[in-house]
Amino acid sequence: MRQLILSLMLSLSVFTVEARVEAYHFDDPAKEARYKQLIDELRCLVCQNQNLAASNAELAQDMRRLTYEMVSEGATNEEVVLFMVERYGDFVLYRPPFKTSTALLWVGPFIMLAIGVLVLVVFVRRRSVGETPELDAQDHERAKRLLDDKKI
Amino acid sequence: MKARYLAPLGIFILLVIFLGIGLTLNPRDVPSVLIDKPAPRFTLPDLFDPARTVSAADFDGEVWLLNVWGTWCPECWREHGFLMHLAKNEGIKIVGIDWRDERAAALEMLRDEGNPFVAVGFDPESVAIMDWGVYGAPETFLIDRSGNIRWKHTGALTPTLWREELQPRVAKLKEQSP
């Protein structure tokens, strides 16, 4: 039973990820692999949170067709990406290039991580220093009394 | 002690400000890479007469608007009246590209609602559209006398937009010689 449910769920997940309608045929498996990689990394401008592979928007269909045509005519991945960027800007890339306008995007998570580590270190240090107060004879006496008191 | 409580509040306020900015941004406003670049050339069959063609080269040396539309696009219907006004009363030369459309439906719309275009290219297969980086309709481009794109807008043109952004640019470009 569990296996059945599991396989059902797996097949469902396949359907949602690959919403493609048209099937393109390539004479060369290497080209097909490149096509699949490209539509995975290029972003649809209509459904902005989907890549070309997942989007059913008409524009995505057009962009897939163009990608197919370019790849089957022997264009390199770089040529296809350049073609798209020249028209739609870096926006089409799910892996944007590193430059001044995208620096924060790339470096941001590491800055956040560094801040987090810094705060943690400061916090731990301050705590370990602050929580060991000096005890005098009176305190020891009081602690002993409390510990010995069976009623508590 | 006070600073310890103020710090999280400060961080929270900062976060709210950034999220607020993020919420008010329009994600559809993808910056066009084509601004100040030569307008892509196109040659499309004429919507009114398939035997003839409409080409970007027909308008070399003029200041003109390229408007991408389709009868399937509700915003285009909304915008249509204002395009009529621009063409008739402001003397703006508007070239249309009818995108992903049925010829009969497009002709019917122009017959019933009026035709603001000096020429309309018919592009059902997105042949020309891709070169212009169009991703929705309506989209409007302003092209100067030297054939460069100077301004672009995604979405319907409105009187406010015309007054604040488009009109000053058109006036300036018209003064320049090609």
# chains A, B, ... in the order shown; residues from 1 in each chain; ligands from 1

$ select_by_dssp --residues "chain B" --states "helix (DSSP H, G or I)" --output "ChimeraX atom specification"
/B:2-24,56-59,74-89,103-113,129-132,159-175

$ closest_atom_pairs --of "region 9-55 of chain B" --to "region 92-104 of chain B" --cutoff "12 Å" --atoms "only C-alpha atoms" --output "tab-separated table"
residue	atom	partner	partner_atom	distance
B:Phe42	CA	B:Ile97	CA	10.3
B:Thr43	CA	B:Ile97	CA	10.6
B:Leu44	CA	B:Ile97	CA	8.6
B:Pro45	CA	B:Ile97	CA	10.1
B:Asp46	CA	B:Ile97	CA	9.4
B:Leu47	CA	B:Arg103	CA	6.8
B:Phe48	CA	B:Arg103	CA	8.5
B:Asp49	CA	B:Arg103	CA	10.3
B:Pro50	CA	B:Arg103	CA	9.8
B:Thr53	CA	B:Ile97	CA	11.9
B:Val54	CA	B:Val95	CA	9.1
B:Ser55	CA	B:Val95	CA	9.7

$ interface_residues --of "chain A" --to "chain B" --cutoff "7 Å" --atoms "only C-alpha atoms" --output "CSV table (one decimal) with N, CA, C and O atoms, in the first residue's frame"
chain,number,residue,atom,x,y,z
A,45,LEU,N,8.9,35.1,-19.0
A,45,LEU,CA,8.7,36.5,-18.6
A,45,LEU,C,7.2,36.7,-18.2
A,45,LEU,O,6.9,37.7,-17.6
A,46,VAL,N,6.4,35.8,-18.6
A,46,VAL,CA,5.0,35.9,-18.3
A,46,VAL,C,4.6,35.3,-16.9
A,46,VAL,O,4.1,36.0,-16.0
A,59,LEU,N,4.1,32.8,-24.7
A,59,LEU,CA,5.5,33.3,-24.9
A,59,LEU,C,6.5,32.3,-24.6
A,59,LEU,O,7.5,32.1,-25.3
A,86,GLU,N,20.0,39.5,-25.1
A,86,GLU,CA,19.9,40.7,-26.0
A,86,GLU,C,18.5,41.3,-26.1
A,86,GLU,O,18.3,42.4,-26.4
A,87,ARG,N,17.5,40.4,-26.0
A,87,ARG,CA,16.1,40.8,-26.2
A,87,ARG,C,15.4,41.1,-24.9
A,87,ARG,O,14.7,42.0,-24.8
A,88,TYR,N,15.6,40.2,-23.9
A,88,TYR,CA,14.8,40.3,-22.7
A,88,TYR,C,15.6,40.7,-21.5
A,88,TYR,O,15.1,40.9,-20.4
A,89,GLY,N,17.0,40.8,-21.6
A,89,GLY,CA,17.8,41.3,-20.5
A,89,GLY,C,18.1,40.1,-19.6
A,89,GLY,O,17.7,39.0,-19.8

$ residues_around --residues "Phe26 (chain A)" --least-positions-apart "5" --cutoff "9 Å" --atoms "only C-alpha atoms" --output "list in words"
Lys31, Glu32, Tyr68 and Ser72 of chain A

$ write_last_selection --atoms "N, CA, C and O atoms" --output "PDB file, in the first residue's frame"
ATOM      1  N   LYS A  31      22.254  17.312 -28.302  1.00  0.00           N
ATOM      2  CA  LYS A  31      21.496  18.539 -28.531  1.00  0.00           C
ATOM      3  C   LYS A  31      20.240  18.553 -27.668  1.00  0.00           C
ATOM      4  O   LYS A  31      19.843  19.583 -27.124  1.00  0.00           O
ATOM      5  N   GLU A  32      19.615  17.398 -27.562  1.00  0.00           N
ATOM      6  CA  GLU A  32      18.408  17.309 -26.750  1.00  0.00           C
ATOM      7  C   GLU A  32      18.724  17.645 -25.291  1.00  0.00           C
ATOM      8  O   GLU A  32      17.987  18.374 -24.632  1.00  0.00           O
ATOM      9  N   TYR A  68      14.697  25.575 -29.493  1.00  0.00           N
ATOM     10  CA  TYR A  68      14.792  24.324 -30.261  1.00  0.00           C
ATOM     11  C   TYR A  68      15.438  24.568 -31.619  1.00  0.00           C
ATOM     12  O   TYR A  68      16.365  23.871 -32.016  1.00  0.00           O
ATOM     13  N   SER A  72      18.994  23.000 -32.629  1.00  0.00           N
ATOM     14  CA  SER A  72      19.077  21.974 -33.680  1.00  0.00           C
ATOM     15  C   SER A  72      19.867  22.480 -34.879  1.00  0.00           C
ATOM     16  O   SER A  72      20.367  21.691 -35.667  1.00  0.00           O
TER      17      SER A  72
END

$ select_by_dssp --residues "region 1-175 of chain B" --states "strand (DSSP E)" --output "ChimeraX atom specification"
/B:43-45,53-55,64-69,93-99,119-123,139-143,149-154

$ residues_around --residues "region 142-149 of chain B" --least-positions-apart "5" --cutoff "6 Å" --atoms "only C-alpha atoms" --output "PDB file with C-alpha atoms, in the first residue's frame"
ATOM      1  CA  ILE B  35      16.447  51.428 -24.865  1.00  0.00           C
ATOM      2  CA  ASP B  36      18.795  53.626 -26.944  1.00  0.00           C
ATOM      3  CA  LYS B  37      19.551  50.663 -29.196  1.00  0.00           C
ATOM      4  CA  PRO B  38      18.617  50.457 -32.886  1.00  0.00           C
ATOM      5  CA  ALA B  39      15.033  49.291 -33.317  1.00  0.00           C
ATOM      6  CA  GLY B  61      13.641  59.362 -40.496  1.00  0.00           C
ATOM      7  CA  GLU B  62      10.394  59.788 -38.567  1.00  0.00           C
ATOM      8  CA  VAL B  63       9.395  59.805 -34.919  1.00  0.00           C
ATOM      9  CA  TRP B  64       6.907  57.000 -34.467  1.00  0.00           C
ATOM     10  CA  LEU B  65       5.325  54.636 -31.980  1.00  0.00           C
ATOM     11  CA  PRO B 178      17.657  62.769 -38.521  1.00  0.00           C
TER      12      PRO B 178
END

$ atom_distance --atom1 "CA of Thr140 (chain B)" --atom2 "CA of Gly155 (chain B)"
7.9 Å

$ atom_distance --atom1 "CA of Tyr5 (chain B)" --atom2 "CA of Leu23 (chain B)"
27.5 Å

$ closest_residue --among "B:Val170, B:Leu66, B:Leu83, B:Cys73" --to "Ala106 (chain B)" --atoms "only C-alpha atoms"
B:Cys73
